[in-house]
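As stored in model-v3.tsv (TSV, C-alpha atoms):
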chain	number	residue	atom	x	y	z
A	296	MET	CA	0.00	0.00	0.00
A	297	MET	CA	1.28	3.48	-0.86
A	298	ASP	CA	2.38	5.79	1.92
A	299	ARG	CA	-0.31	8.41	2.45
A	300	VAL	CA	-0.24	11.82	4.11
A	301	PHE	CA	-2.45	14.82	4.47
A	302	LEU	CA	-0.50	17.66	2.88
A	303	VAL	CA	-1.40	20.89	4.69
A	304	HIS	CA	-0.85	24.36	3.25
A	305	TYR	CA	-1.19	27.66	5.06
A	306	GLY	CA	-1.69	31.22	3.82
A	307	GLU	CA	-1.07	34.12	6.21
A	308	VAL	CA	1.25	32.05	8.38
A	309	GLY	CA	3.74	31.94	5.52
A	310	LEU	CA	3.95	35.74	5.38
A	311	LYS	CA	5.24	36.26	8.92
A	312	GLY	CA	8.92	36.78	8.09
A	313	LYS	CA	11.26	36.24	11.03
A	314	ASN	CA	8.33	35.08	13.21
A	315	ARG	CA	7.21	32.47	10.70
A	316	SER	CA	8.58	29.48	12.62
A	317	PHE	CA	6.61	30.52	15.72
A	318	PHE	CA	3.37	30.54	13.73
A	319	GLU	CA	4.21	27.27	11.97
A	320	ASN	CA	5.05	25.53	15.24
A	321	LYS	CA	1.78	26.71	16.79
A	322	LEU	CA	-0.14	25.39	13.79
A	323	VAL	CA	1.61	22.01	14.12
A	324	GLN	CA	0.78	21.97	17.82
A	325	ASN	CA	-2.90	22.75	17.14
A	326	ILE	CA	-3.13	20.09	14.42
A	327	ARG	CA	-1.71	17.51	16.83
A	328	ARG	CA	-4.22	18.57	19.45
A	329	SER	CA	-7.14	18.40	17.01
A	330	LEU	CA	-6.09	14.92	15.87
A	331	LYS	CA	-5.52	13.58	19.38
A	332	GLY	CA	-6.54	9.92	19.53
A	333	SER	CA	-6.64	9.54	15.74
A	334	GLY	CA	-3.27	7.81	15.42
A	335	CYS	CA	-1.67	10.83	13.69
A	336	ALA	CA	0.86	11.96	16.27
A	337	ASP	CA	3.77	12.39	13.85
A	338	VAL	CA	2.75	15.79	12.47
A	339	LYS	CA	5.79	17.69	11.16
A	340	ARG	CA	6.90	20.72	9.20
A	341	ILE	CA	8.59	20.52	5.84
A	342	TYR	CA	9.43	23.39	3.51
A	343	GLY	CA	6.34	25.63	3.33
A	344	ARG	CA	3.99	22.78	4.29
A	345	ILE	CA	2.89	20.51	7.11
A	346	LEU	CA	2.69	16.73	6.80
A	347	VAL	CA	0.17	14.54	8.61
A	348	PRO	CA	1.23	10.92	7.95
A	349	ILE	CA	-1.65	8.42	7.77
A	350	GLN	CA	-1.31	4.97	9.30
A	351	PRO	CA	-3.25	2.07	7.70
A	352	GLU	CA	-5.64	1.88	10.67
A	353	CYS	CA	-6.48	5.62	10.68
A	354	ASP	CA	-9.99	6.89	9.96
A	355	VAL	CA	-9.23	9.13	6.97
A	356	THR	CA	-12.73	10.64	6.86
A	357	ALA	CA	-12.55	11.69	10.51
A	358	ILE	CA	-9.08	13.20	10.04
A	359	ARG	CA	-10.25	15.11	6.97
A	360	GLU	CA	-13.15	16.57	8.96
A	361	LYS	CA	-10.98	17.55	11.93
A	362	LEU	CA	-8.40	19.30	9.75
A	363	GLY	CA	-11.25	21.38	8.33
A	364	LYS	CA	-11.69	22.94	11.78
A	365	VAL	CA	-8.10	23.97	12.48
A	366	MET	CA	-7.61	27.73	12.26
A	367	GLY	CA	-4.65	28.68	10.08
A	368	ILE	CA	-5.02	25.98	7.42
A	369	ALA	CA	-5.59	27.50	3.97
A	370	HIS	CA	-6.14	24.20	2.17
A	371	TYR	CA	-5.18	20.55	2.49
A	372	ALA	CA	-5.43	17.26	0.64
A	373	LEU	CA	-4.90	13.55	0.99
A	374	ALA	CA	-1.75	12.72	-0.98
A	375	CYS	CA	0.59	9.81	-1.64
A	376	VAL	CA	4.36	9.92	-1.21
A	377	THR	CA	6.97	8.65	-3.64
A	378	GLU	CA	10.65	8.92	-4.50
A	379	GLN	CA	12.07	11.92	-6.32
A	380	ASN	CA	12.62	10.38	-9.73
A	381	ILE	CA	10.37	10.84	-12.72
A	382	GLU	CA	9.65	7.12	-13.22
A	383	ALA	CA	8.47	6.73	-9.62
A	384	ILE	CA	6.35	9.87	-9.90
A	385	GLN	CA	4.72	8.64	-13.11
A	386	THR	CA	3.86	5.16	-11.88
A	387	THR	CA	2.68	6.38	-8.45
A	388	ALA	CA	0.51	9.06	-10.01
A	389	LEU	CA	-1.15	6.47	-12.23
A	390	GLU	CA	-1.83	4.20	-9.28
A	391	TRP	CA	-3.17	7.12	-7.21
A	392	ILE	CA	-5.75	8.20	-9.82
A	393	ARG	CA	-6.61	4.78	-11.25
A	394	ASP	CA	-9.92	4.40	-9.38
A	395	LYS	CA	-11.18	7.91	-10.25
A	396	ALA	CA	-13.69	8.58	-13.03
A	397	PHE	CA	-12.53	11.18	-15.58
A	398	LYS	CA	-12.22	11.75	-19.30
A	399	THR	CA	-10.00	14.82	-19.23
A	400	LEU	CA	-7.07	15.68	-17.00
A	401	LYS	CA	-4.40	18.23	-16.24
A	402	VAL	CA	-1.15	17.89	-14.30
A	403	GLU	CA	0.30	20.78	-12.29
A	404	THR	CA	3.66	20.71	-10.53
A	405	LYS	CA	5.32	22.79	-7.83
A	406	ARG	CA	9.04	22.14	-7.51
A	407	ALA	CA	10.27	23.46	-4.15
A	408	ASN	CA	13.45	21.39	-4.40
A	409	LYS	CA	15.40	23.13	-7.18
A	410	ASP	CA	18.01	20.36	-7.20
A	411	PHE	CA	15.54	18.10	-8.99
A	412	PRO	CA	16.83	17.92	-12.60
A	413	MET	CA	13.51	18.71	-14.32
A	414	THR	CA	11.56	21.97	-14.19
A	415	SER	CA	7.93	22.12	-13.08
A	416	PRO	CA	6.55	22.32	-16.68
A	417	GLU	CA	8.79	19.40	-17.70
A	418	ILE	CA	7.52	17.25	-14.83
A	419	SER	CA	3.91	18.12	-15.66
A	420	ALA	CA	4.42	17.23	-19.34
A	421	ALA	CA	6.15	13.94	-18.57
A	422	VAL	CA	3.57	12.81	-16.02
A	423	GLY	CA	0.63	14.11	-18.06
A	424	GLY	CA	1.76	12.25	-21.17
A	425	TYR	CA	2.23	9.05	-19.16
A	426	LEU	CA	-1.25	9.30	-17.60
A	427	ILE	CA	-2.91	10.00	-20.96
A	428	GLU	CA	-1.13	7.05	-22.53
A	429	HIS	CA	-2.25	4.63	-19.79
A	430	THR	CA	-5.79	5.91	-19.13
A	431	GLY	CA	-6.99	7.05	-22.55
A	432	ALA	CA	-7.99	10.44	-21.10
A	433	ARG	CA	-7.53	13.70	-23.02
A	434	ALA	CA	-5.57	16.73	-21.85
A	435	ASN	CA	-7.63	19.78	-20.86
A	436	MET	CA	-5.71	22.75	-19.50
A	437	ARG	CA	-8.76	24.95	-18.78
A	438	ASP	CA	-11.46	22.80	-17.20
A	439	PRO	CA	-10.22	19.25	-16.55
A	440	GLU	CA	-12.37	16.65	-14.86
A	441	LEU	CA	-9.28	15.57	-12.91
A	442	LEU	CA	-6.49	17.83	-11.70
A	443	CYS	CA	-3.42	15.87	-10.63
A	444	GLN	CA	-1.01	18.00	-8.61
A	445	ILE	CA	2.60	17.12	-7.86
A	446	GLU	CA	4.77	18.78	-5.21
A	447	VAL	CA	8.50	18.08	-5.19
A	448	VAL	CA	9.63	19.06	-1.72
A	449	GLU	CA	12.86	18.31	0.16
A	450	LYS	CA	13.53	14.56	-0.40
A	451	ALA	CA	10.13	13.31	-1.64
A	452	ALA	CA	7.38	13.92	-4.17
A	453	TYR	CA	3.73	14.25	-3.14
A	454	ILE	CA	0.84	13.52	-5.50
A	455	ARG	CA	-2.73	14.62	-4.88
A	456	ALA	CA	-5.96	14.83	-6.82
A	457	GLU	CA	-8.03	17.01	-4.49
A	458	LYS	CA	-7.88	20.37	-2.76
A	459	ILE	CA	-9.98	20.92	0.37
A	460	GLN	CA	-10.53	24.49	1.50
A	461	GLY	CA	-9.58	25.16	5.12
A	462	ILE	CA	-10.73	27.79	7.60
A	463	GLY	CA	-7.77	30.09	6.89
A	464	GLY	CA	-6.79	32.81	9.33
A	465	LEU	CA	-4.14	32.31	12.00
A	466	PRO	CA	-3.50	29.46	14.45
A	467	VAL	CA	-5.31	29.89	17.76
A	468	GLY	CA	-2.86	31.11	20.39
A	469	VAL	CA	-0.57	33.33	18.30
A	470	SER	CA	-2.45	36.61	18.88
A	471	GLY	CA	-2.79	36.72	22.66
A	472	LYS	CA	-5.86	36.15	24.81
A	473	VAL	CA	-9.32	37.71	24.91
A	474	LEU	CA	-12.36	37.34	27.16
A	475	VAL	CA	-15.64	37.00	25.26
A	476	MET	CA	-18.91	38.13	26.84
A	477	LEU	CA	-20.95	35.12	25.76
A	478	SER	CA	-24.70	35.75	26.00
A	479	GLY	CA	-26.22	32.59	24.54
A	480	GLY	CA	-27.66	34.44	21.54
A	481	ILE	CA	-26.60	34.30	17.90
A	482	ASP	CA	-24.04	37.10	17.83
A	483	SER	CA	-21.52	36.52	20.63
A	484	PRO	CA	-20.48	32.98	19.58
A	485	ILE	CA	-19.73	34.36	16.11
A	486	ALA	CA	-17.67	37.16	17.64
A	487	ALA	CA	-15.72	34.51	19.57
A	488	TRP	CA	-15.17	32.44	16.44
A	489	ARG	CA	-13.98	35.47	14.50
A	490	MET	CA	-11.38	36.24	17.18
A	491	MET	CA	-10.19	32.62	17.18
A	492	ARG	CA	-9.75	32.86	13.42
A	493	ARG	CA	-7.45	35.82	13.99
A	494	GLY	CA	-5.32	33.70	16.31
A	495	ALA	CA	-6.72	34.76	19.69
A	496	LYS	CA	-7.12	32.28	22.53
A	497	VAL	CA	-10.61	32.76	23.95
A	498	SER	CA	-12.11	32.50	27.43
A	499	HIS	CA	-15.79	33.24	28.06
A	500	ILE	CA	-17.80	35.10	30.67
A	501	HIS	CA	-21.58	34.74	30.97
A	502	PHE	CA	-24.03	36.76	33.11
A	503	TYR	CA	-27.31	35.20	34.22
A	504	SER	CA	-30.30	36.47	36.21
A	505	TYR	CA	-31.61	33.39	37.97
A	506	PRO	CA	-34.10	33.26	39.80
A	507	TYR	CA	-35.69	36.09	37.77
A	508	THR	CA	-35.02	34.02	34.66
A	509	ASP	CA	-34.74	30.27	34.17
A	510	LYS	CA	-31.41	28.44	33.78
A	511	ALA	CA	-31.79	27.91	30.03
A	512	SER	CA	-29.14	30.50	29.22
A	513	LEU	CA	-26.61	28.67	31.39
A	514	GLU	CA	-27.18	25.41	29.56
A	515	LYS	CA	-26.99	27.15	26.19
A	516	VAL	CA	-23.72	28.86	27.03
A	517	LYS	CA	-22.20	25.57	28.18
A	518	ALA	CA	-23.28	23.93	24.92
A	519	LEU	CA	-21.94	26.83	22.84
A	520	ALA	CA	-18.62	26.86	24.67
A	521	GLN	CA	-18.33	23.09	24.14
A	522	LEU	CA	-18.93	23.51	20.42
A	523	LEU	CA	-16.49	26.44	20.13
A	524	ALA	CA	-13.85	24.38	21.95
A	525	ILE	CA	-13.46	22.39	18.71
A	526	TRP	CA	-11.56	25.42	17.39
A	527	ASN	CA	-10.42	26.94	20.69
A	528	TYR	CA	-9.34	23.76	22.53
A	529	ARG	CA	-9.36	23.86	26.34
A	530	THR	CA	-11.70	26.68	27.38
A	531	LEU	CA	-12.56	28.49	30.62
A	532	VAL	CA	-16.10	29.80	31.17
A	533	TYR	CA	-16.92	32.18	34.02
A	534	LEU	CA	-20.57	32.18	35.15
A	535	VAL	CA	-21.58	35.34	37.01
A	536	PRO	CA	-24.89	35.87	38.87
A	537	PHE	CA	-26.24	39.26	37.87
A	538	ALA	CA	-29.74	39.46	39.38
A	539	ASP	CA	-28.77	41.44	42.49
A	540	ILE	CA	-27.01	44.09	40.42
A	541	GLN	CA	-30.01	44.39	38.12
A	542	ARG	CA	-32.36	44.77	41.09
A	543	GLU	CA	-30.27	47.62	42.44
A	544	ILE	CA	-30.15	49.34	39.04
A	545	VAL	CA	-33.92	49.01	38.57
A	546	THR	CA	-34.76	50.44	41.98
A	547	LYS	CA	-32.18	53.23	42.19
A	548	THR	CA	-31.54	54.63	38.68
A	549	PRO	CA	-33.59	56.25	35.89
A	550	ALA	CA	-35.33	53.67	33.70
A	551	PRO	CA	-33.94	54.85	30.31
A	552	PHE	CA	-30.38	54.07	31.45
A	553	ARG	CA	-30.99	50.53	32.71
A	554	VAL	CA	-29.52	48.53	29.83
A	555	ILE	CA	-26.48	50.81	29.56
A	556	LEU	CA	-25.87	50.47	33.28
A	557	TYR	CA	-26.24	46.68	33.05
A	558	ARG	CA	-23.56	46.62	30.39
A	559	ARG	CA	-21.26	48.98	32.28
A	560	PHE	CA	-21.36	46.65	35.27
A	561	MET	CA	-20.79	43.62	33.05
A	562	ALA	CA	-17.77	45.31	31.52
A	563	ARG	CA	-16.37	46.13	34.97
A	564	ILE	CA	-16.73	42.53	36.14
A	565	ALA	CA	-15.29	41.21	32.88
A	566	GLN	CA	-12.30	43.53	33.26
A	567	GLN	CA	-11.51	41.90	36.60
A	568	ILE	CA	-11.73	38.40	35.11
A	569	ALA	CA	-9.58	39.48	32.17
A	570	LYS	CA	-6.78	40.18	34.65
A	571	VAL	CA	-7.09	36.62	35.98
A	572	VAL	CA	-6.88	34.97	32.53
A	573	LYS	CA	-4.32	37.52	31.29
A	574	ALA	CA	-6.64	38.67	28.49
A	575	ASP	CA	-5.69	41.87	26.69
A	576	ALA	CA	-9.21	42.78	25.56
A	577	LEU	CA	-12.90	42.09	26.04
A	578	VAL	CA	-15.00	40.92	23.08
A	579	THR	CA	-18.72	41.40	22.51
A	580	GLY	CA	-21.16	40.46	19.76
A	581	GLU	CA	-22.45	43.99	19.34
A	582	SER	CA	-23.32	45.26	15.87
A	583	LEU	CA	-23.79	48.96	15.24
A	584	GLY	CA	-27.44	50.01	15.44
A	585	GLN	CA	-28.81	46.49	15.87
A	586	VAL	CA	-30.59	47.37	19.14
A	587	ALA	CA	-31.06	50.56	21.14
A	588	SER	CA	-28.00	50.01	23.35
A	589	GLN	CA	-25.72	49.57	20.34
A	590	THR	CA	-25.61	53.15	19.07
A	591	LEU	CA	-22.26	54.92	18.95
A	592	GLY	CA	-23.19	57.14	21.88
A	593	ASN	CA	-24.27	54.23	24.05
A	594	LEU	CA	-21.27	52.09	23.13
A	595	ARG	CA	-19.04	54.98	24.15
A	596	ALA	CA	-20.90	55.30	27.46
A	597	ILE	CA	-20.38	51.59	28.14
A	598	GLU	CA	-16.66	51.72	27.30
A	599	ASP	CA	-16.24	54.62	29.72
A	600	ALA	CA	-16.68	52.20	32.64
A	601	VAL	CA	-13.44	50.28	31.93
A	602	GLU	CA	-9.85	50.78	30.87
A	603	ILE	CA	-9.45	47.53	28.94
A	604	PRO	CA	-10.18	47.64	25.17
A	605	ILE	CA	-13.56	46.27	24.03
A	606	LEU	CA	-13.38	44.60	20.61
A	607	ARG	CA	-16.50	44.18	18.46
A	608	PRO	CA	-15.74	41.87	15.50
A	609	LEU	CA	-19.34	42.12	14.21
A	610	ILE	CA	-19.70	45.90	14.43
A	611	GLY	CA	-20.23	46.35	10.66
A	612	ASP	CA	-22.18	43.15	9.94
A	613	ASP	CA	-25.89	42.91	9.35
A	614	LYS	CA	-27.98	40.19	10.96
A	615	GLU	CA	-28.25	38.05	7.84
A	616	GLU	CA	-24.46	37.87	7.52
A	617	ILE	CA	-24.16	36.83	11.16
A	618	ILE	CA	-26.88	34.19	10.81
A	619	ARG	CA	-25.23	32.67	7.74
A	620	LEU	CA	-21.95	32.26	9.60
A	621	ALA	CA	-23.76	30.84	12.66
A	622	GLN	CA	-25.36	28.23	10.42
A	623	ARG	CA	-22.03	27.44	8.81
A	624	ILE	CA	-20.21	26.78	12.09
A	625	GLU	CA	-23.29	25.08	13.59
A	626	THR	CA	-23.94	27.42	16.53
A	627	PHE	CA	-27.23	28.71	15.10
A	628	GLU	CA	-29.41	25.83	16.29
A	629	ILE	CA	-28.17	26.14	19.89
A	630	SER	CA	-28.31	29.94	19.87
A	631	THR	CA	-31.94	30.02	18.76
A	632	LEU	CA	-33.20	27.76	21.53
A	633	PRO	CA	-35.52	29.83	23.79
A	634	HIS	CA	-33.98	31.50	26.85
A	635	ASP	CA	-34.34	34.67	28.91
A	636	ASP	CA	-31.44	37.04	28.33
A	637	CYS	CA	-30.46	38.96	31.46
A	638	CYS	CA	-30.15	42.21	29.47
A	639	SER	CA	-33.75	41.86	28.31
A	640	LEU	CA	-34.94	41.70	31.92
A	641	PHE	CA	-36.62	44.90	33.16
A	642	VAL	CA	-36.02	46.68	29.86
A	643	PRO	CA	-37.76	50.09	29.89
A	644	ASP	CA	-40.35	51.07	27.30
A	645	HIS	CA	-38.18	53.94	26.08
A	646	PRO	CA	-34.47	53.16	26.54
A	647	ALA	CA	-31.91	55.89	25.99
A	648	THR	CA	-30.43	55.70	22.50
A	649	ASN	CA	-27.70	58.33	22.83
A	650	ALA	CA	-26.81	58.63	26.50
A	651	SER	CA	-24.06	61.03	27.46
A	652	ILE	CA	-21.22	59.78	29.62
A	653	GLU	CA	-21.93	62.48	32.17
A	654	SER	CA	-25.59	61.50	32.59
A	655	VAL	CA	-24.73	57.81	32.96
A	656	ARG	CA	-22.05	58.55	35.54
A	657	GLU	CA	-24.52	60.68	37.47
A	658	ALA	CA	-27.11	57.88	37.45
A	659	GLU	CA	-24.54	55.51	38.94
A	660	LEU	CA	-23.92	57.74	41.96
A	661	ASN	CA	-26.94	56.11	43.61
A	662	LEU	CA	-25.31	52.65	43.43
A	663	GLU	CA	-22.74	51.04	45.71
A	664	THR	CA	-20.63	49.99	42.76
A	665	ASP	CA	-17.68	48.38	44.55
A	666	ALA	CA	-19.86	46.34	46.90
A	667	LEU	CA	-22.02	45.06	44.03
A	668	LEU	CA	-18.97	44.06	42.00
A	669	GLU	CA	-17.39	42.27	44.95
A	670	GLN	CA	-20.58	40.33	45.65
A	671	ALA	CA	-20.92	39.20	42.03
A	672	LEU	CA	-17.29	38.05	41.89
A	673	GLU	CA	-17.60	36.13	45.18
A	674	ASN	CA	-20.55	34.13	43.81
A	675	MET	CA	-19.01	33.46	40.39
A	676	GLU	CA	-18.44	29.88	39.18
A	677	THR	CA	-15.71	28.66	36.83
A	678	LEU	CA	-16.28	25.92	34.29
A	679	THR	CA	-13.47	24.17	32.38
A	680	ILE	CA	-14.30	22.67	28.99
A	681	ASP	CA	-11.81	20.29	27.42
A	682	ASP	CA	-11.65	19.87	23.68

Translate the structure of the given file into structure tokens.
Amino acid sequence: MMDRVFLVHYGEVGLKGKNRSFFENKLVQNIRRSLKGSGCADVKRIYGRILVPIQPECDVTAIREKLGKVMGIAHYALACVTEQNIEAIQTTALEWIRDKAFKTLKVETKRANKDFPMTSPEISAAVGGYLIEHTGARANMRDPELLCQIEVVEKAAYIRAEKIQGIGGLPVGVSGKVLVMLSGGIDSPIAAWRMMRRGAKVSHIHFYSYPYTDKASLEKVKALAQLLAIWNYRTLVYLVPFADIQREIVTKTPAPFRVILYRRFMARIAQQIAKVVKADALVTGESLGQVASQTLGNLRAIEDAVEIPILRPLIGDDKEEIIRLAQRIETFEISTLPHDDCCSLFVPDHPATNASIESVREAELNLETDALLEQALENMETLTIDD
């Protein structure tokens, strides 16, 4: 049986100059972690690529699916390995494509090893002619039914007849840490996923209002964090009771400012947790103008409560774009299960849509801010989710 590998290519990672090896090593580490238990422990770097050797007993379909969920992979393919001589490449290529149905074909070659005595076009012509002779297929350079690709790298040649699109982006863990305010709705899981795709390692914080609401949001957030751990790996989730703070805000502050004040307190608590997990920023699923609290003026009033940056990956997206991505990464079904969101509790009939920082600060003078924060943090729970 021919030696088989998954041949992994990356995009942005290859543009990192002097830091490239750091990004490549992190991608290798994440691939190993994703394939844990699959029998593919010998993941390694070669020139401009990553190899995932396949043992005879490996579940190729499962490995293919798992590689499709590793951030940083541009594309990948199942390939066979052969010696670096043209006769071996020709005969191995024929064996590799023999069971495929096609009437036209094209051969493309990338020669990373310039010591090989033939150029890329010469290899393609020699292998293409051999395949046509032995299969009866015709050459088609524009729209072939089969594209056979050859990569001559270091001491071997790799032959593949597929190209599977990956997630792209950067490997999780190369861009620092963030703390995502995970609500259980559609938007915040997508914001988390977007940050992972940019290489950030994500932790989550969730605020709930039990006993004023049921515990459905807690179960949803646990399910969402478990699903997101496929990309994020081991994940911490902080569960913060928020009902007492809401009760104080409702009884002691003007009604139009309630939601803004909720979010200011959430941001303050999240800032404290960010210090614990060494996160450099908070992340929310807010989109400009989507609801009353998400106007520029209100977002500015919320940010005023903290010093840590608040990132909003969805700020320019419309709802349909967010929903499409939620469906693609399979969070949509969980996110749309019914639950009571703590920010929707005690929402006034006419919320402020452009609150000034001064008016919000004045409204908070009636609250014992430090005591409320301390109480919430004392009653917080921590959940660890393993990938």

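The smallest atom-to-atom distance between Gly306 in chain A and any of A:Gln460, A:Thr548, A:Thr626, A:Gln670, using only C-alpha atoms, is found for A:Gln460.
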
Each range 449-549 of chain A residue no farther than 8 Å from range 598-619 of chain A, nearest pair in Å, all atoms listed in the file, as JSON lines:
{"residue": "A:Ile481", "atom": "CA", "partner": "A:Ile618", "partner_atom": "CA", "distance": 7.1}
{"residue": "A:Asp482", "atom": "CA", "partner": "A:Ile617", "partner_atom": "CA", "distance": 6.7}
{"residue": "A:Ile485", "atom": "CA", "partner": "A:Ile617", "partner_atom": "CA", "distance": 7.1}
{"residue": "A:Ala486", "atom": "CA", "partner": "A:Pro608", "partner_atom": "CA", "distance": 5.5}
{"residue": "A:Arg489", "atom": "CA", "partner": "A:Pro608", "partner_atom": "CA", "distance": 6.7}
{"residue": "A:Met490", "atom": "CA", "partner": "A:Pro608", "partner_atom": "CA", "distance": 7.3}

Kindly save the residues from that selection, with C-alpha atoms included, as a PDB file, keeping the file's coordinate frame.
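Written output follows (result-v7.pdb):
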ATOM      1  CA  ILE A 481     -26.600  34.300  17.900  1.00  0.00           C
ATOM      2  CA  ASP A 482     -24.040  37.100  17.830  1.00  0.00           C
ATOM      3  CA  ILE A 485     -19.730  34.360  16.110  1.00  0.00           C
ATOM      4  CA  ALA A 486     -17.670  37.160  17.640  1.00  0.00           C
ATOM      5  CA  ARG A 489     -13.980  35.470  14.500  1.00  0.00           C
ATOM      6  CA  MET A 490     -11.380  36.240  17.180  1.00  0.00           C
TER       7      MET A 490
END

Nearest to Phe301 in chain A, chosen from A:Leu330, A:Ile358, A:Ala658, A:Ala383, with all atoms listed in the file counted in the distances: A:Ile358

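Rounded to one decimal, CA of Leu465 in chain A and CA of Val338 in chain A lie 17.9 Å from each other.
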
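The closest residue to Gly471 in chain A, picked from A:Arg559, A:Arg393, A:Lys496, A:Arg359 and counting only C-alpha atoms, is A:Lys496.
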
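Minimum atom-to-atom distances from A:Arg595, A:Lys321, A:Lys401, A:Lys361 to Gly461 in chain A were compared using all atoms listed in the file, and the lowest value belongs to A:Lys361.
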
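Across A:Asp410, A:Asp438, A:Glu449, A:Glu543, the tightest approach to Thr377 in chain A is made by A:Glu449 when counting all atoms listed in the file.
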
With distances taken over only C-alpha atoms, which of A:Cys353, A:Phe560, A:Met476, A:Arg493 is nearest to Lys331 in chain A? A:Cys353

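Across the model, the gap from CA of Leu400 in chain A to CA of Ile427 in chain A is 8.1 Å.
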